[in-house]
Amino acid sequence: MVQPWQDTALPDDVRAADLLARMTDEEKAAQLVGVWIDAPTDGSDVAPMQQRMTEQATLEDLLPHGLGQLTRPFGTAPVEPAEGAARLAQLQWHIRTSNRFGLPAIAHEECLTGFTTWQATAFPTPLAWGAAFDPALVAEAAQAIGASMRAVGIHQGLSPVLDVVRDPRWGRTEESIGEDPYLVATIGTAYVRGLESAGIIATLKHFAGYSASRGGRNHAPAPLGPRELADVILPPFEMAVRDGGARSVMPAYNDIDGLPAHAHPGLLIGLLREEWGFTGTVVSDYFGVTFLHSAHRVAATEADAAELALASGVDVELPAGRCFPSATPPRELLDRAALRVLTQKCALGMLDPGGEPEPPGSVDLDPPRLRDLAARLAQESVVLLANDRGVLPLAPGVRIAVAGPLADDPAAMLGCYSFPRHVGIEHPELPMGIEVPTLAAALRAELPGAVFVDDPEQADVCVLAVGDWSGLFGRGTSGEGCDAADLELPRGQARLVDEVLATGTPTVLVVLSGRPYALGRWESRAAAMVQAFFPGQEGGPAVAGVLSGRVEPSGRLPVGVPRIPGGQPSSYLAPPLGGHSEASSLDPRPLFPFGHGLTYTEFGWDEPQGDAEEIPTDGETTIKFTVRNTGGRPGTEVVQMYLHDPVGQVARPEVRLVGYTRVPLDAGASAEVHVTFPADLAAYTGPDGRRIVEPGEIELRLGPSSGEIRHRVRLWLTGETRVVGHDRRMGCELRVR
């Protein structure tokens, strides 16, 4: 007889509730933990303080009762893709046949720069997604990544990172999309949609405030005020939940004003579930529950930490059962979390008769389609910062010296969550598993008629590659646990730049990095500057293509590039007091501002036309204008719209991004851009903590960057002050005709 929980005609929550009622407390508790098989124990940590966390519930301990999660079956150690798929299928069979309901475990993996496993395509890092300003392409890439994961038996991806960069010294800047919440929200939500459309549970992290730590330090307190939290940090998560359909959220390691995120019911229950209507699972960051006891010291024992986390809204302990198995929480907390996990398993088809499909016989995790998507995203993300002497694009027969420590190093292309840098670096006996052309090799292929010389003094032009080596917990210059004291190029590279420039050879400075570095000392000395944020395995050809002119540069800065390494620059979202003034000897203005990026052509913008000068506080207006390619080459203009609010009840950013779109145009061509601007985008958090849209003057500023405004459109919002909530309009539609 088919039981209700096995009846595929019934709703997921009904089936899950029926199954829950048949379970013992031990079986329910088993659904709330993971197992990390073969977790590293040799010091090559991939999670903070991992070597102190070796004690965990074993698979055999849990199996009679079931299992909630399998941690990184592909991403823990190198494994051939087909072998990994077969091994995972066998492991799931063992789990199903060892518990009385035949339930498999949810298998999760990292997928921040593609599927983090051996021989899988390494995509550009999220900071490069932000530089592309192309949500549609990011969604397409995420769908392809998700499909490759689902094909080998993975159910959940621990991405995207929706932390808004507040201090680029933070090592995880490379994992973030940018310093603007609207850019992070729209790009991140696109990634969520792509991943979820492939059947993979997207996991939003790190909720919330992780990037706002003191001093840009990893794993540190976040001294956030309520308005910064509400208006800068939270909107990307809100959009990804509401519009992206994300089914999982991961709390952050930090505390917010003393309250750890893993023990924050106001955040995980009041805001996430009650206000935003989230119905998925909350999974702990690795060892995040243990840290309530060992790091935050808000729990006397690990059992107390488990009960505190469960009461605060955490459903699953990752990477393994360390605290939850030691606790005896109240029945209502146990049932609440187990029901969420079972409902999610039901939605994945894991309660259906027949179990998981058979693993594929052959597996290619680096097929042409994924490499093509990685190449397109890399090409769109390369930012031409400066080209004052017109040295770019490079002439076909030029004499070139390619220099710098990253010129012939494939590590220059890869972020810390790419498998070669995340795990593969600990296995030097194995090949990388994918082809990653270096910049030097890509330039030789790109310019077969050029003459390559070793000495910059003997060259017509020198391409000097500098930047970062990604790694984990101090094993790199960028990445998780690789924070920077200042924003000077690391490992003495600034001296090298000075030495090469001193030769007098026109030099193209190419920065391949995970964060922006101070470039002001070379502003007038370098012939050109190019920035690429760990552009992935196809990044070498992408950068070479931009240098040669085969690829038209179209990337824009998702974070400003500072002028000086110290006196830490503030985000471009600063209110007026955060700007340059006579009150301070420090000038925080960047060398290149948020949104900046040059092309090899020129664009003209016609005067915008609006359908109304006044709109109600609950209304919208349409603006249209024409963009023209007035140069002699094809190119892409990235239209950006910023909001300026002259007077508010609290200090507001001078400008903030509220819309953007890419406009590709052939030489001499034009296109009309139509903007639909809802008054809801003028909302901000007022003195009493409520989000409001108030009457008064606002200004929409249109331009190719936050620092170059072509046109201003003044509008008057009329009517009463409105309090807006989760149902407000969060996006601005821009259409190109």
# chains A, B, ... in the order shown; residues from 1 in each chain; ligands from 1
$ residues_around --residues "segment 449-461 of chain A" --least-positions-apart "4" --cutoff "12 Å" --atoms "only C-alpha atoms" --output "VMD selection string"
chain A and resid 389 to 404 407 440 to 441 443 to 445 497 499 to 509 526 to 528 547 to 548
$ select_by_dssp --residues "segment 65-231 of chain A" --states "helix (DSSP H, G or I)" --output "VMD selection string"
chain A and resid 65 81 to 97 126 to 132 135 to 151 171 to 175 181 to 197 210 to 212 214 to 216 226 to 231
$ residues_around --residues "Val638 of chain A" --least-positions-apart "3" --cutoff "8 Å" --atoms "only C-alpha atoms" --output "count of residues only"
8
$ select_by_dssp --residues "segment 180-224 of chain A" --states "strand (DSSP E or B)" --output "list in words"
Ile201, Ala202, Thr203, Leu204, Lys205, His206, Phe207 and Ala222 of chain A
$ residues_around --residues "Leu10 of chain A" --least-positions-apart "6" --cutoff "12 Å" --atoms "only C-alpha atoms" --output "ChimeraX atom specification"
/A:2-4,16-18,343,346-347,351-352
$ write_last_selection --atoms "N, CA and C atoms" --output "mmCIF file, in the first residue's frame"
data_model
loop_
_atom_site.group_PDB
_atom_site.id
_atom_site.type_symbol
_atom_site.label_atom_id
_atom_site.label_comp_id
_atom_site.auth_asym_id
_atom_site.auth_seq_id
_atom_site.Cartn_x
_atom_site.Cartn_y
_atom_site.Cartn_z
ATOM 1 N N VAL A 2 0.551 2.201 -0.879
ATOM 2 C CA VAL A 2 1.293 3.448 -0.960
ATOM 3 C C VAL A 2 0.883 4.348 0.200
ATOM 4 N N GLN A 3 1.880 4.786 0.972
ATOM 5 C CA GLN A 3 1.614 5.688 2.079
ATOM 6 C C GLN A 3 1.502 7.124 1.554
ATOM 7 N N PRO A 4 0.820 8.007 2.290
ATOM 8 C CA PRO A 4 0.684 9.384 1.806
ATOM 9 C C PRO A 4 2.021 10.042 1.469
ATOM 10 N N ALA A 16 5.654 15.486 3.290
ATOM 11 C CA ALA A 16 6.705 15.592 4.292
ATOM 12 C C ALA A 16 6.139 15.498 5.707
ATOM 13 N N ALA A 17 4.991 16.122 5.939
ATOM 14 C CA ALA A 17 4.385 16.073 7.274
ATOM 15 C C ALA A 17 3.957 14.657 7.634
ATOM 16 N N ASP A 18 3.457 13.907 6.659
ATOM 17 C CA ASP A 18 3.067 12.521 6.923
ATOM 18 C C ASP A 18 4.288 11.677 7.287
ATOM 19 N N THR A 343 10.566 18.424 3.392
ATOM 20 C CA THR A 343 9.823 19.096 2.324
ATOM 21 C C THR A 343 10.740 19.380 1.149
ATOM 22 N N CYS A 346 11.454 16.193 -0.649
ATOM 23 C CA CYS A 346 10.297 15.817 -1.453
ATOM 24 C C CYS A 346 10.288 16.587 -2.773
ATOM 25 N N ALA A 347 10.555 17.898 -2.709
ATOM 26 C CA ALA A 347 10.590 18.717 -3.923
ATOM 27 C C ALA A 347 11.670 18.249 -4.894
ATOM 28 N N LEU A 351 11.697 11.561 -2.140
ATOM 29 C CA LEU A 351 10.726 10.709 -1.459
ATOM 30 C C LEU A 351 9.963 9.832 -2.431
ATOM 31 N N ASP A 352 10.218 10.019 -3.713
ATOM 32 C CA ASP A 352 9.482 9.264 -4.735
ATOM 33 C C ASP A 352 10.011 7.842 -4.831
#
$ residues_around --residues "Thr601 of chain A" --least-positions-apart "3" --cutoff "12 Å" --atoms "only C-alpha atoms" --output "PDB file with N, CA and C atoms, in the first residue's frame"
ATOM      1  N   LEU A 384      39.159  47.897 -19.512  1.00  0.00           N
ATOM      2  CA  LEU A 384      40.208  48.800 -19.983  1.00  0.00           C
ATOM      3  C   LEU A 384      40.153  50.055 -19.117  1.00  0.00           C
ATOM      4  N   ASN A 387      44.068  54.235 -21.460  1.00  0.00           N
ATOM      5  CA  ASN A 387      44.743  54.009 -22.744  1.00  0.00           C
ATOM      6  C   ASN A 387      45.151  55.365 -23.308  1.00  0.00           C
ATOM      7  N   GLY A 390      47.216  55.596 -26.552  1.00  0.00           N
ATOM      8  CA  GLY A 390      46.722  54.890 -27.728  1.00  0.00           C
ATOM      9  C   GLY A 390      47.539  53.671 -28.104  1.00  0.00           C
ATOM     10  N   LEU A 392      47.039  50.693 -27.211  1.00  0.00           N
ATOM     11  CA  LEU A 392      46.107  49.587 -27.450  1.00  0.00           C
ATOM     12  C   LEU A 392      45.051  50.018 -28.457  1.00  0.00           C
ATOM     13  N   PRO A 393      44.616  49.071 -29.313  1.00  0.00           N
ATOM     14  CA  PRO A 393      45.074  47.678 -29.406  1.00  0.00           C
ATOM     15  C   PRO A 393      46.478  47.572 -29.996  1.00  0.00           C
ATOM     16  N   GLY A 549      42.730  43.716 -29.758  1.00  0.00           N
ATOM     17  CA  GLY A 549      41.603  44.344 -30.436  1.00  0.00           C
ATOM     18  C   GLY A 549      40.618  43.364 -31.029  1.00  0.00           C
ATOM     19  N   GLU A 552      36.429  43.565 -28.242  1.00  0.00           N
ATOM     20  CA  GLU A 552      36.208  44.954 -27.863  1.00  0.00           C
ATOM     21  C   GLU A 552      36.012  45.039 -26.348  1.00  0.00           C
ATOM     22  N   PRO A 553      36.776  45.856 -25.653  1.00  0.00           N
ATOM     23  CA  PRO A 553      36.645  45.923 -24.189  1.00  0.00           C
ATOM     24  C   PRO A 553      35.271  46.467 -23.797  1.00  0.00           C
ATOM     25  N   SER A 554      34.615  45.754 -22.881  1.00  0.00           N
ATOM     26  CA  SER A 554      33.275  46.187 -22.455  1.00  0.00           C
ATOM     27  C   SER A 554      33.055  46.008 -20.964  1.00  0.00           C
ATOM     28  N   GLY A 597      35.078  52.142 -17.217  1.00  0.00           N
ATOM     29  CA  GLY A 597      35.640  51.216 -18.194  1.00  0.00           C
ATOM     30  C   GLY A 597      35.638  51.871 -19.562  1.00  0.00           C
ATOM     31  N   LEU A 598      36.748  51.803 -20.273  1.00  0.00           N
ATOM     32  CA  LEU A 598      36.885  52.436 -21.583  1.00  0.00           C
ATOM     33  C   LEU A 598      36.623  51.438 -22.701  1.00  0.00           C
ATOM     34  N   GLY A 604      28.090  58.690 -28.291  1.00  0.00           N
ATOM     35  CA  GLY A 604      27.345  59.896 -28.000  1.00  0.00           C
ATOM     36  C   GLY A 604      25.984  59.550 -27.418  1.00  0.00           C
ATOM     37  N   ARG A 628      24.634  56.524 -29.493  1.00  0.00           N
ATOM     38  CA  ARG A 628      25.221  56.390 -30.831  1.00  0.00           C
ATOM     39  C   ARG A 628      26.695  56.009 -30.739  1.00  0.00           C
ATOM     40  N   ASN A 629      27.097  55.066 -31.573  1.00  0.00           N
ATOM     41  CA  ASN A 629      28.512  54.745 -31.711  1.00  0.00           C
ATOM     42  C   ASN A 629      29.087  55.696 -32.738  1.00  0.00           C
ATOM     43  N   THR A 630      29.802  56.705 -32.265  1.00  0.00           N
ATOM     44  CA  THR A 630      30.326  57.739 -33.161  1.00  0.00           C
ATOM     45  C   THR A 630      31.755  57.459 -33.607  1.00  0.00           C
ATOM     46  N   GLY A 631      32.303  56.322 -33.194  1.00  0.00           N
ATOM     47  CA  GLY A 631      33.665  55.976 -33.560  1.00  0.00           C
ATOM     48  C   GLY A 631      33.736  55.075 -34.778  1.00  0.00           C
ATOM     49  N   GLY A 632      34.923  54.570 -35.040  1.00  0.00           N
ATOM     50  CA  GLY A 632      35.151  53.770 -36.235  1.00  0.00           C
ATOM     51  C   GLY A 632      35.201  52.276 -35.986  1.00  0.00           C
ATOM     52  N   ARG A 633      34.871  51.837 -34.777  1.00  0.00           N
ATOM     53  CA  ARG A 633      34.916  50.414 -34.448  1.00  0.00           C
ATOM     54  C   ARG A 633      33.613  50.017 -33.752  1.00  0.00           C
ATOM     55  N   PRO A 634      33.261  48.716 -33.828  1.00  0.00           N
ATOM     56  CA  PRO A 634      32.137  48.267 -33.000  1.00  0.00           C
ATOM     57  C   PRO A 634      32.513  48.347 -31.525  1.00  0.00           C
ATOM     58  N   GLY A 635      31.514  48.413 -30.684  1.00  0.00           N
ATOM     59  CA  GLY A 635      31.783  48.488 -29.255  1.00  0.00           C
ATOM     60  C   GLY A 635      30.504  48.354 -28.460  1.00  0.00           C
ATOM     61  N   THR A 636      30.646  48.259 -27.152  1.00  0.00           N
ATOM     62  CA  THR A 636      29.504  48.131 -26.248  1.00  0.00           C
ATOM     63  C   THR A 636      29.565  49.233 -25.210  1.00  0.00           C
ATOM     64  N   GLU A 637      28.520  50.037 -25.170  1.00  0.00           N
ATOM     65  CA  GLU A 637      28.375  51.020 -24.101  1.00  0.00           C
ATOM     66  C   GLU A 637      27.552  50.386 -22.984  1.00  0.00           C
ATOM     67  N   PRO A 664      25.313  46.997 -27.252  1.00  0.00           N
ATOM     68  CA  PRO A 664      26.318  46.720 -28.293  1.00  0.00           C
ATOM     69  C   PRO A 664      25.937  47.408 -29.603  1.00  0.00           C
ATOM     70  N   LEU A 665      26.894  48.086 -30.215  1.00  0.00           N
ATOM     71  CA  LEU A 665      26.617  48.846 -31.437  1.00  0.00           C
ATOM     72  C   LEU A 665      27.775  48.718 -32.422  1.00  0.00           C
ATOM     73  N   ASP A 666      27.438  48.517 -33.683  1.00  0.00           N
ATOM     74  CA  ASP A 666      28.437  48.595 -34.740  1.00  0.00           C
ATOM     75  C   ASP A 666      28.847  50.046 -34.946  1.00  0.00           C
ATOM     76  N   ALA A 667      29.950  50.260 -35.622  1.00  0.00           N
ATOM     77  CA  ALA A 667      30.397  51.619 -35.908  1.00  0.00           C
ATOM     78  C   ALA A 667      29.307  52.361 -36.672  1.00  0.00           C
ATOM     79  N   GLY A 668      28.965  53.555 -36.202  1.00  0.00           N
ATOM     80  CA  GLY A 668      27.949  54.373 -36.844  1.00  0.00           C
ATOM     81  C   GLY A 668      26.523  54.030 -36.489  1.00  0.00           C
ATOM     82  N   ALA A 669      26.303  52.964 -35.739  1.00  0.00           N
ATOM     83  CA  ALA A 669      24.949  52.533 -35.408  1.00  0.00           C
ATOM     84  C   ALA A 669      24.450  53.245 -34.151  1.00  0.00           C
TER      85      ALA A 669
END
$ atom_distance --atom1 "atom CA of Arg96 of chain A" --atom2 "atom CA of His108 of chain A"
17.0 Å
$ residues_around --residues "Pro360 of chain A" --least-positions-apart "6" --cutoff "8 Å" --atoms "only C-alpha atoms" --output "PyMOL selection string"
chain A and resi 82+85-86+151-152
$ closest_residue --among "A:Val713, A:Leu112, A:Ala89, A:Val736" --to "Val639 of chain A" --atoms "only C-alpha atoms"
A:Val736
$ closest_residue --among "A:Ala671, A:Leu406, A:Leu342, A:Ala230" --to "Leu19 of chain A" --atoms "only C-alpha atoms"
A:Leu342
$ atom_distance --atom1 "atom CA of Val627 of chain A" --atom2 "atom CA of Gly610 of chain A"
15.6 Å
$ residues_around --residues "Pro593 of chain A" --least-positions-apart "3" --cutoff "7 Å" --atoms "only C-alpha atoms" --output "list of chain:residue names"
A:Gly560, A:Val561, A:Pro590, A:His596, A:Ser706, A:Gly707
$ closest_residue --among "A:Phe324, A:Trp5, A:Trp716, A:Trp129" --to "Phe101 of chain A" --atoms "only C-alpha atoms"
A:Trp5
$ closest_residue --among "A:Val282, A:Leu32, A:Ala303, A:Cys482" --to "Thr173 of chain A" --atoms "only C-alpha atoms"
A:Cys482
$ closest_residue --among "A:Arg652, A:Arg691, A:Arg100, A:His644" --to "Ile709 of chain A" --atoms "only C-alpha atoms"
A:His644
$ closest_residue --among "A:Gly415, A:Gly433, A:Pro73, A:Pro81" --to "Gly361 of chain A" --atoms "only C-alpha atoms"
A:Pro81
